[in-house]
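Participant: Structure file run.txt (compact mmCIF, C-alpha atoms) is given on the next line.
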# COMPACT_ATOMS: atom_id res chain seq x y z
CA MET A 1 -66.65 -2.77 -31.49
CA ARG A 2 -65.76 -2.91 -35.18
CA LYS A 3 -68.72 -0.70 -36.08
CA TYR A 4 -67.64 2.04 -33.67
CA VAL A 5 -64.09 2.02 -35.01
CA LEU A 6 -65.41 2.45 -38.54
CA VAL A 7 -67.64 5.34 -37.50
CA TYR A 8 -64.70 7.12 -35.87
CA PHE A 9 -62.56 6.44 -38.93
CA LEU A 10 -65.09 8.06 -41.22
CA LEU A 11 -65.55 11.07 -38.94
CA VAL A 12 -61.90 12.07 -39.14
CA THR A 13 -62.32 14.50 -42.03
CA TYR A 14 -61.52 17.96 -43.24
CA SER A 15 -63.33 20.19 -45.70
CA VAL A 16 -61.78 22.00 -48.65
CA PHE A 17 -63.62 23.57 -51.60
CA GLY A 18 -66.81 22.35 -49.91
CA GLN A 19 -65.81 18.67 -50.02
CA GLU A 20 -65.25 16.42 -47.02
CA VAL A 21 -62.08 14.35 -47.07
CA SER A 22 -61.56 11.39 -44.74
CA LYS A 23 -58.69 9.14 -43.76
CA LYS A 24 -60.46 6.40 -45.67
CA ASP A 25 -60.50 8.55 -48.79
CA VAL A 26 -56.81 9.43 -48.49
CA LEU A 27 -55.77 5.81 -48.02
CA SER A 28 -57.97 4.68 -50.88
CA LYS A 29 -56.37 7.16 -53.29
CA LEU A 30 -52.85 6.38 -52.15
CA THR A 31 -53.49 2.66 -52.64
CA LEU A 32 -55.03 3.25 -56.06
CA ALA A 33 -52.04 5.27 -57.24
CA ASN A 34 -49.44 2.89 -55.85
CA GLN A 35 -51.22 -0.21 -57.10
CA TYR A 36 -51.44 1.32 -60.58
CA TRP A 37 -47.76 2.12 -60.62
CA GLN A 38 -46.55 -1.25 -59.38
CA THR A 39 -48.94 -3.19 -61.63
CA ASN A 40 -47.84 -1.34 -64.74
CA HIS A 41 -44.10 -0.97 -64.07
CA LYS A 42 -41.72 -3.79 -63.24
CA PRO A 43 -39.35 -3.24 -60.29
CA GLU A 44 -36.30 -4.56 -62.15
CA VAL A 45 -34.99 -1.17 -63.25
CA TRP A 46 -31.84 0.80 -62.51
CA ALA A 47 -31.14 2.57 -59.21
CA PHE A 48 -30.81 6.05 -60.73
CA TRP A 49 -32.61 9.05 -59.21
CA ASP A 50 -35.82 8.87 -61.25
CA GLN A 51 -36.65 5.38 -60.00
CA ALA A 52 -35.09 5.75 -56.55
CA ALA A 53 -37.24 8.80 -55.79
CA TYR A 54 -40.33 6.64 -56.26
CA HIS A 55 -39.06 4.17 -53.68
CA SER A 56 -38.52 6.94 -51.11
CA GLY A 57 -42.29 7.50 -51.29
CA ASN A 58 -43.13 3.80 -51.33
CA MET A 59 -41.12 3.30 -48.15
CA GLU A 60 -43.00 6.10 -46.41
CA PHE A 61 -46.25 4.41 -47.41
CA TYR A 62 -44.98 1.16 -45.87
CA LYS A 63 -43.94 2.87 -42.64
CA GLU A 64 -47.49 4.09 -42.10
CA PHE A 65 -49.59 1.21 -43.46
CA LYS A 66 -47.29 -1.87 -43.35
CA ASN A 67 -48.39 -3.12 -46.76
CA ILE A 68 -46.12 -6.11 -47.34
CA ASP A 69 -46.89 -6.44 -51.05
CA PHE A 70 -45.84 -2.86 -51.72
CA LEU A 71 -42.72 -3.39 -49.61
CA LYS A 72 -41.72 -6.43 -51.67
CA TYR A 73 -41.63 -4.23 -54.77
CA SER A 74 -38.84 -2.14 -53.24
CA GLU A 75 -37.03 -5.24 -52.03
CA VAL A 76 -37.04 -6.73 -55.53
CA TRP A 77 -35.72 -3.44 -56.91
CA ALA A 78 -32.92 -3.30 -54.33
CA ASN A 79 -31.91 -6.91 -54.96
CA PHE A 80 -31.93 -6.35 -58.71
CA ASN A 81 -29.45 -3.49 -58.21
CA GLU A 82 -27.31 -5.52 -55.75
CA TRP A 83 -28.01 -2.84 -53.09
CA LYS A 84 -25.78 -0.44 -55.02
CA GLY A 85 -26.02 2.76 -57.02
CA ALA A 86 -23.22 3.24 -59.54
CA LYS A 87 -21.14 0.06 -59.30
CA SER A 88 -17.54 0.95 -60.14
CA THR A 89 -14.92 -0.45 -57.76
CA ASP A 90 -12.11 1.78 -59.08
CA ARG A 91 -12.02 4.56 -56.51
CA SER A 92 -9.41 6.49 -58.48
CA ASN A 93 -12.01 7.01 -61.18
CA TRP A 94 -15.07 7.85 -59.07
CA LYS A 95 -16.73 11.04 -60.37
CA TYR A 96 -19.48 13.45 -59.30
CA SER A 97 -20.24 15.65 -62.28
CA TYR A 98 -23.33 14.53 -64.22
CA GLY A 99 -23.11 10.96 -65.43
CA GLU A 100 -25.31 7.90 -65.87
CA THR A 101 -22.55 5.30 -66.01
CA ASP A 102 -21.03 3.22 -63.22
CA ASP A 103 -18.02 5.48 -62.67
CA PHE A 104 -20.19 8.35 -61.32
CA VAL A 105 -20.29 6.79 -57.87
CA LEU A 106 -20.06 10.13 -56.05
CA PHE A 107 -22.81 11.77 -58.10
CA GLY A 108 -25.89 12.24 -55.91
CA ASP A 109 -28.33 10.87 -58.47
CA TRP A 110 -26.68 7.49 -57.87
CA GLN A 111 -26.80 7.90 -54.07
CA ILE A 112 -30.50 8.50 -53.38
CA CYS A 113 -31.03 4.73 -53.57
CA PHE A 114 -29.18 4.48 -50.26
CA GLN A 115 -32.17 6.12 -48.53
CA THR A 116 -34.33 3.11 -49.39
CA TYR A 117 -31.59 0.54 -48.76
CA ILE A 118 -31.08 1.92 -45.25
CA ASP A 119 -34.82 1.90 -44.59
CA LEU A 120 -35.03 -1.71 -45.75
CA TYR A 121 -32.06 -2.59 -43.56
CA HIS A 122 -33.85 -1.26 -40.48
CA ILE A 123 -36.87 -3.46 -41.28
CA ASP A 124 -34.76 -6.60 -41.72
CA PRO A 125 -31.09 -6.01 -40.78
CA GLU A 126 -28.70 -7.78 -43.13
CA SER A 127 -25.24 -6.32 -43.62
CA ASN A 128 -25.23 -6.63 -47.43
CA LYS A 129 -28.07 -4.10 -47.66
CA ILE A 130 -25.94 -1.24 -46.40
CA ALA A 131 -22.44 -2.39 -47.35
CA ARG A 132 -22.21 -0.26 -50.49
CA ALA A 133 -23.77 2.78 -48.79
CA LEU A 134 -21.18 2.53 -46.02
CA GLU A 135 -18.35 2.13 -48.52
CA VAL A 136 -19.32 5.03 -50.76
CA MET A 137 -20.47 7.57 -48.20
CA ASP A 138 -17.59 6.92 -45.80
CA TYR A 139 -15.16 7.43 -48.67
CA GLN A 140 -16.87 10.64 -49.73
CA ILE A 141 -16.92 12.34 -46.32
CA HIS A 142 -13.19 11.73 -45.99
CA THR A 143 -12.36 13.55 -49.22
CA LYS A 144 -11.33 17.23 -49.24
CA GLU A 145 -13.92 18.30 -51.82
CA ASN A 146 -17.09 20.09 -50.73
CA ASP A 147 -18.75 20.86 -54.10
CA TYR A 148 -20.69 17.62 -54.44
CA TRP A 149 -24.14 19.26 -54.51
CA TRP A 150 -24.19 21.67 -57.42
CA TRP A 151 -27.85 21.26 -58.48
CA ALA A 152 -31.01 21.69 -56.41
CA ASP A 153 -32.28 18.16 -57.01
CA GLY A 154 -29.18 16.79 -55.32
CA LEU A 155 -30.28 18.21 -51.99
CA TYR A 156 -33.18 15.76 -51.93
CA MET A 157 -31.08 12.95 -53.32
CA VAL A 158 -28.34 13.07 -50.70
CA MET A 159 -29.09 15.32 -47.71
CA PRO A 160 -31.36 12.64 -46.20
CA VAL A 161 -28.70 10.01 -46.90
CA MET A 162 -26.31 11.97 -44.70
CA THR A 163 -28.69 12.05 -41.73
CA LYS A 164 -29.64 8.41 -42.22
CA MET A 165 -25.94 7.50 -42.29
CA TYR A 166 -25.41 9.45 -39.08
CA LYS A 167 -28.23 7.55 -37.37
CA LEU A 168 -26.79 4.30 -38.67
CA THR A 169 -23.14 4.88 -37.73
CA LYS A 170 -23.28 7.67 -35.09
CA ASN A 171 -20.36 9.28 -36.93
CA PRO A 172 -20.74 13.07 -36.45
CA LEU A 173 -18.68 13.73 -39.58
CA TYR A 174 -21.79 13.02 -41.65
CA LEU A 175 -23.54 16.00 -40.08
CA GLU A 176 -20.51 18.24 -40.48
CA LYS A 177 -20.18 17.34 -44.13
CA LEU A 178 -23.93 17.76 -44.66
CA HIS A 179 -23.60 21.35 -43.51
CA GLU A 180 -20.41 21.94 -45.49
CA TYR A 181 -21.87 20.59 -48.73
CA LEU A 182 -25.09 22.57 -48.24
CA ALA A 183 -23.11 25.76 -47.64
CA TYR A 184 -21.44 25.24 -51.02
CA ALA A 185 -24.83 24.66 -52.68
CA ASP A 186 -26.15 27.83 -51.04
CA SER A 187 -23.20 29.82 -52.37
CA ILE A 188 -24.01 29.05 -55.99
CA MET A 189 -27.81 28.75 -56.20
CA TYR A 190 -29.61 30.13 -53.12
CA ASP A 191 -31.26 33.53 -53.51
CA LYS A 192 -31.14 35.22 -50.10
CA ASP A 193 -33.74 37.81 -51.09
CA GLU A 194 -36.35 35.43 -52.46
CA LYS A 195 -35.37 32.59 -50.07
CA LEU A 196 -35.60 30.07 -52.88
CA TYR A 197 -33.12 27.97 -54.86
CA TYR A 198 -32.29 28.26 -58.52
CA ARG A 199 -32.01 24.86 -60.14
CA ASP A 200 -28.26 25.38 -60.56
CA ALA A 201 -25.79 28.17 -61.30
CA LYS A 202 -26.92 28.41 -64.96
CA TYR A 203 -30.27 29.83 -63.88
CA VAL A 204 -29.17 32.56 -61.47
CA TYR A 205 -30.75 35.95 -62.17
CA PRO A 206 -30.01 38.16 -64.08
CA LYS A 207 -27.88 35.79 -66.20
CA HIS A 208 -31.06 33.82 -66.75
CA LYS A 209 -34.59 35.26 -66.72
CA SER A 210 -38.09 33.97 -67.29
CA THR A 211 -39.90 34.99 -70.48
CA ASN A 212 -41.28 38.01 -68.62
CA GLY A 213 -37.90 39.08 -67.28
CA LYS A 214 -38.40 37.69 -63.79
CA LYS A 215 -36.35 35.40 -61.57
CA ASP A 216 -37.00 31.84 -62.68
CA PHE A 217 -37.35 29.38 -59.82
CA TRP A 218 -38.26 25.90 -61.05
CA ALA A 219 -41.00 24.41 -58.88
CA ARG A 220 -39.75 20.83 -58.89
CA GLY A 221 -36.24 22.04 -58.09
CA ASP A 222 -37.43 23.94 -55.02
CA GLY A 223 -39.73 21.03 -54.23
CA TRP A 224 -36.71 18.74 -54.08
CA VAL A 225 -35.01 21.10 -51.64
CA PHE A 226 -38.06 21.70 -49.44
CA ALA A 227 -38.84 17.98 -49.18
CA GLY A 228 -35.17 17.22 -48.58
CA LEU A 229 -35.08 19.63 -45.65
CA ALA A 230 -38.16 17.95 -44.16
CA LYS A 231 -36.43 14.57 -44.39
CA VAL A 232 -33.26 15.96 -42.82
CA LEU A 233 -35.19 17.46 -39.92
CA GLN A 234 -36.89 14.11 -39.29
CA ASP A 235 -33.55 12.50 -38.47
CA LEU A 236 -31.35 15.36 -37.27
CA PRO A 237 -30.93 15.49 -33.47
CA LYS A 238 -32.60 18.62 -32.10
CA ASP A 239 -29.49 19.46 -30.11
CA ASN A 240 -27.31 19.51 -33.23
CA ILE A 241 -25.54 22.83 -33.71
CA TYR A 242 -27.11 23.28 -37.16
CA TYR A 243 -30.67 22.22 -36.33
CA ASN A 244 -32.06 25.74 -35.96
CA HIS A 245 -30.38 26.82 -39.18
CA TYR A 246 -32.22 24.12 -41.12
CA VAL A 247 -35.49 24.95 -39.37
CA ARG A 248 -35.21 28.61 -40.36
CA ARG A 249 -34.40 27.69 -43.95
CA PHE A 250 -37.40 25.34 -44.05
CA GLN A 251 -39.72 27.95 -42.55
CA ASP A 252 -38.45 30.71 -44.84
CA MET A 253 -39.05 28.57 -47.89
CA ALA A 254 -42.52 27.60 -46.69
CA SER A 255 -43.62 31.23 -46.44
CA VAL A 256 -42.55 31.95 -50.01
CA ILE A 257 -43.97 28.69 -51.33
CA VAL A 258 -47.50 29.34 -50.10
CA SER A 259 -47.42 32.89 -51.50
CA CYS A 260 -47.16 31.64 -55.09
CA GLN A 261 -49.62 28.74 -55.01
CA GLN A 262 -52.34 28.99 -57.64
CA GLU A 263 -55.96 29.20 -56.57
CA GLU A 264 -56.64 25.69 -57.90
CA GLY A 265 -54.06 24.28 -55.50
CA PHE A 266 -51.13 23.58 -57.81
CA TRP A 267 -47.86 25.44 -58.37
CA THR A 268 -46.79 26.46 -61.86
CA ARG A 269 -43.45 25.29 -63.13
CA SER A 270 -41.85 28.74 -62.84
CA MET A 271 -42.86 29.77 -59.35
CA LEU A 272 -42.69 33.56 -59.59
CA ASP A 273 -43.78 33.82 -63.22
CA PRO A 274 -46.92 31.71 -63.74
CA GLU A 275 -47.19 32.81 -67.38
CA HIS A 276 -43.73 31.49 -68.24
CA ALA A 277 -45.06 27.92 -68.37
CA PRO A 278 -48.70 28.06 -67.24
CA GLY A 279 -50.88 25.15 -66.20
CA LYS A 280 -51.01 22.26 -63.77
CA GLU A 281 -47.89 20.47 -62.56
CA SER A 282 -47.92 17.67 -60.01
CA SER A 283 -44.36 16.83 -58.98
CA GLY A 284 -43.45 20.24 -57.55
CA THR A 285 -46.94 20.50 -56.08
CA ALA A 286 -46.60 17.12 -54.37
CA PHE A 287 -43.21 17.91 -52.85
CA PHE A 288 -44.50 21.27 -51.58
CA THR A 289 -47.65 19.67 -50.17
CA TYR A 290 -45.58 17.00 -48.45
CA GLY A 291 -43.24 19.55 -46.89
CA LEU A 292 -46.07 21.79 -45.70
CA LEU A 293 -47.97 18.90 -44.13
CA TRP A 294 -44.84 17.47 -42.55
CA GLY A 295 -44.02 20.86 -41.07
CA ILE A 296 -47.54 21.24 -39.65
CA ASN A 297 -47.59 17.69 -38.31
CA ASN A 298 -44.26 18.18 -36.56
CA GLY A 299 -44.89 21.61 -35.11
CA LEU A 300 -42.45 23.54 -37.29
CA LEU A 301 -45.07 25.36 -39.37
CA ASN A 302 -47.96 27.32 -37.90
CA HIS A 303 -51.19 25.39 -38.39
CA ASP A 304 -53.38 28.42 -39.09
CA LYS A 305 -50.95 29.98 -41.56
CA PHE A 306 -50.14 26.90 -43.64
CA GLU A 307 -53.08 24.52 -43.28
CA GLY A 308 -55.15 26.04 -46.08
CA SER A 309 -52.34 25.79 -48.62
CA ALA A 310 -51.56 22.21 -47.67
CA LYS A 311 -55.21 21.18 -48.02
CA LYS A 312 -55.54 22.87 -51.39
CA GLY A 313 -52.39 21.08 -52.55
CA TRP A 314 -53.79 17.70 -51.56
CA ASP A 315 -57.15 18.50 -53.13
CA TYR A 316 -55.45 19.21 -56.44
CA LEU A 317 -53.30 16.08 -56.22
CA SER A 318 -56.08 13.72 -55.20
CA ASN A 319 -58.95 15.10 -57.27
CA HIS A 320 -57.28 16.49 -60.38
CA ALA A 321 -53.83 14.94 -60.83
CA LEU A 322 -54.99 11.44 -59.84
CA GLN A 323 -56.95 9.82 -62.65
CA SER A 324 -59.73 7.27 -62.21
CA ASP A 325 -57.46 4.34 -63.17
CA GLY A 326 -54.76 5.31 -60.66
CA ARG A 327 -52.40 7.20 -62.96
CA VAL A 328 -51.01 10.39 -61.41
CA GLY A 329 -50.92 12.91 -64.24
CA TYR A 330 -49.58 16.40 -64.97
CA ILE A 331 -46.05 15.40 -63.95
CA GLN A 332 -43.49 17.41 -65.90
CA PRO A 333 -41.09 15.01 -67.66
CA ILE A 334 -37.45 14.67 -66.68
CA GLY A 335 -35.71 18.00 -67.13
CA GLU A 336 -34.20 20.88 -65.24
CA LYS A 337 -36.36 23.93 -65.93
CA ALA A 338 -39.79 25.28 -66.73
CA ILE A 339 -40.17 25.09 -70.52
CA PRO A 340 -42.65 27.42 -72.26
CA GLY A 341 -45.01 25.44 -74.49
CA GLN A 342 -44.09 22.03 -73.08
CA VAL A 343 -47.14 19.76 -72.96
CA VAL A 344 -47.88 18.45 -69.47
CA ASP A 345 -51.28 16.77 -69.28
CA ALA A 346 -53.29 14.04 -67.55
CA ASN A 347 -51.22 11.36 -69.29
CA SER A 348 -47.87 12.84 -68.16
CA THR A 349 -46.58 10.58 -65.40
CA ALA A 350 -43.21 9.51 -63.99
CA PRO A 351 -41.88 7.48 -61.04
CA PHE A 352 -40.44 10.43 -59.11
CA GLY A 353 -43.81 12.16 -59.23
CA ILE A 354 -45.56 9.07 -57.85
CA GLY A 355 -43.05 9.00 -55.01
CA ALA A 356 -43.83 12.63 -54.23
CA PHE A 357 -47.58 11.92 -54.38
CA LEU A 358 -47.16 9.09 -51.86
CA LEU A 359 -45.14 11.33 -49.53
CA ALA A 360 -47.82 14.02 -49.63
CA GLY A 361 -50.69 11.61 -49.11
CA VAL A 362 -49.08 9.81 -46.19
CA GLU A 363 -48.54 13.16 -44.46
CA MET A 364 -52.17 14.10 -45.15
CA TYR A 365 -53.25 10.85 -43.52
CA ARG A 366 -51.05 11.65 -40.51
CA TYR A 367 -52.50 15.15 -40.41
CA LEU A 368 -55.98 13.65 -40.13
CA ASN A 369 -54.70 11.39 -37.35
CA GLU A 370 -53.96 14.52 -35.33
CA LYS A 371 -57.42 16.04 -35.76
Go through the file and emit its structure as structure tokens.
Facilitator:
Amino acid sequence: MRKYVLVYFLLVTYSVFGQEVSKKDVLSKLTLANQYWQTNHKPEVWAFWDQAAYHSGNMEFYKEFKNIDFLKYSEVWANFNEWKGAKSTDRSNWKYSYGETDDFVLFGDWQICFQTYIDLYHIDPESNKIARALEVMDYQIHTKENDYWWWADGLYMVMPVMTKMYKLTKNPLYLEKLHEYLAYADSIMYDKDEKLYYRDAKYVYPKHKSTNGKKDFWARGDGWVFAGLAKVLQDLPKDNIYYNHYVRRFQDMASVIVSCQQEEGFWTRSMLDPEHAPGKESSGTAFFTYGLLWGINNGLLNHDKFEGSAKKGWDYLSNHALQSDGRVGYIQPIGEKAIPGQVVDANSTAPFGIGAFLLAGVEMYRYLNEK
């Protein structure tokens, strides 16, 4: 019986650029990348966005493959951070402009950790794991402000927290505030003509232009949004009044995203001006590949229209970005824009890019499950 299972496993393949790719190959490369990261980076680090984004990918890997050792890495990280983001207890001084200190409790880069804490809670329910998430997010949705999400990255950091909190509490105010906060974000950085997001209000055209005078949409920024929408749609009830709105936004973005993919499978850092900052980049590419595959796997994106782009994205990630030792390279360093002349090479790696790689690979594995 074991032999027949193995034969079937190896036959579940697809072909891209003349190469056959199997479920076994996808799992092997995911494991290699995640093992490299966890072996070379201790989990006892802060709960800020750069590290927390990695854990959102690690948790998706666990959901599919139930690797306990990889799960323990996220548990150690959560315990080290006391299941909190920013730790201030003085509500009168809680802030949400940019800040890396403990008083920026309402800043989304300190809230993405709640995605992983909630996931860990569902695996092993203990009230301390979600106590801070409940405290912070309940406080926030009862404030009068709606301008919490003023940068594109924040839509990945916190939109999925809102839907996870709704599933956890059944409080419909989370879904109302999700829509209200997104509407504000749209008002300052969504381009209705291009159907893409500027990184923030500083980069809106024509105030800001690429080196060739074009609109400058940062790939990782739009990757954050596209992946965030996929995560929202995973948890949002289909009968919610805003569900179709998010589906249309997701589908509109997907059509534009595939139109500016490079032939080699990656996306350049400035999406509509490849010459602004030419060359490979893995974090935006991974988020786009994840979103495309998730959309195909869940029936929201047409298989025939989007399959080729998704496969090319994974081919680039798994055969070019992933190095033989397990390092995922060509990840643009922390920043907020495409920078002409910035060196991004095979040694350029970062936790948020590994998280995105894991998300994309897990969805590729699930795609092969459906074949």
Participant: Which neighbours of Ser127 (chain A) fall inside 12 Å, counting all atoms listed in the file, when residues of the same chain fewer than 5 positions from it are skipped, and could you give them as an MDAnalysis selection string?
Facilitator: chainID A and resid 83 117:118 120:122 132:135 168
Participant: With only C-alpha atoms as the atoms that count, which of A:Asp124, A:Asp304, A:Asp102, A:Asp252 lies nearest to Asp193 (chain A)?
Facilitator: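 Using only C-alpha atoms, the shortest distance to Asp193 (chain A) belongs to A:Asp252.
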Participant: Which residues are near Ile331 (chain A)? Cut-off 6 Å, only C-alpha atoms, ignore same chain within fewer than 4 positions. Put them as a list of chain:residue names.
Facilitator: A:Glu281, A:Ser282, A:Ser283, A:Ser348, A:Thr349
Participant: Would you list the contacts of Gly329 (chain A) as JSON, numbers by chain, taking every protein, DNA or RNA residue within 7 Å and counting all atoms listed in the file, but skipping same-chain residues closer than 5 positions in sequence?
Facilitator: {"A": [321, 322, 323, 345, 346, 347, 348, 349]}
Participant: Any chance you can output those residues with C-alpha atoms as a PDB file, keeping the file's coordinate frame?
Facilitator:
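Saved file result.pdb follows:
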ATOM      1  CA  ALA A 321     -53.830  14.940 -60.830  1.00  0.00           C
ATOM      2  CA  LEU A 322     -54.990  11.440 -59.840  1.00  0.00           C
ATOM      3  CA  GLN A 323     -56.950   9.820 -62.650  1.00  0.00           C
ATOM      4  CA  ASP A 345     -51.280  16.770 -69.280  1.00  0.00           C
ATOM      5  CA  ALA A 346     -53.290  14.040 -67.550  1.00  0.00           C
ATOM      6  CA  ASN A 347     -51.220  11.360 -69.290  1.00  0.00           C
ATOM      7  CA  SER A 348     -47.870  12.840 -68.160  1.00  0.00           C
ATOM      8  CA  THR A 349     -46.580  10.580 -65.400  1.00  0.00           C
TER       9      THR A 349
END
Participant: Restricting the calculation to only C-alpha atoms, which member of A:Tyr205, A:Asn298, A:Phe48, A:Pro333 is positioned closest to Lys87 (chain A)?
Facilitator: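 Answer, going by the shortest atom-to-atom distance: A:Phe48.
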Participant: Hey, which of A:Phe250, A:Phe104, A:Tyr139, A:Trp294 ends up closest to Ala360 (chain A)? Count all atoms listed in the file.
Facilitator: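 Looking only at the distances to Ala360 (chain A), the closest residue turns out to be A:Trp294.
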Participant: What is the CA of Gly326 (chain A) to CA of Leu359 (chain A) distance in Å?
Facilitator: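 Atom-to-atom, CA of Gly326 (chain A) and CA of Leu359 (chain A) are spaced 15.9 Å apart.
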Participant: CA of Arg327 (chain A) and CA of Leu32 (chain A) are how many Å apart?
Facilitator: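 Atom-to-atom, CA of Arg327 (chain A) to CA of Leu32 (chain A), that is 8.4 Å.
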Participant: Check the smallest atom-to-atom distance from each of A:Thr169, A:Leu272, A:Gly265, A:Leu368 to Ser210 (chain A) using all atoms listed in the file, then report the winner.
Facilitator: A:Leu272
Participant: Near Glu264 (chain A), within 9 Å and counting all atoms listed in the file, which residues show up once chain neighbours fewer than 5 positions away are dropped, as a list in words?
Facilitator: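 Answer for this query is Lys280, Lys312, Gly313, Asp315 and Tyr316 of chain A.
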Participant: For a quick check of understanding, using all atoms listed in the file, which of A:Phe306, A:Phe357, A:Tyr197, A:Phe61 has the smallest distance to Thr285 (chain A)?
Facilitator: A:Phe357
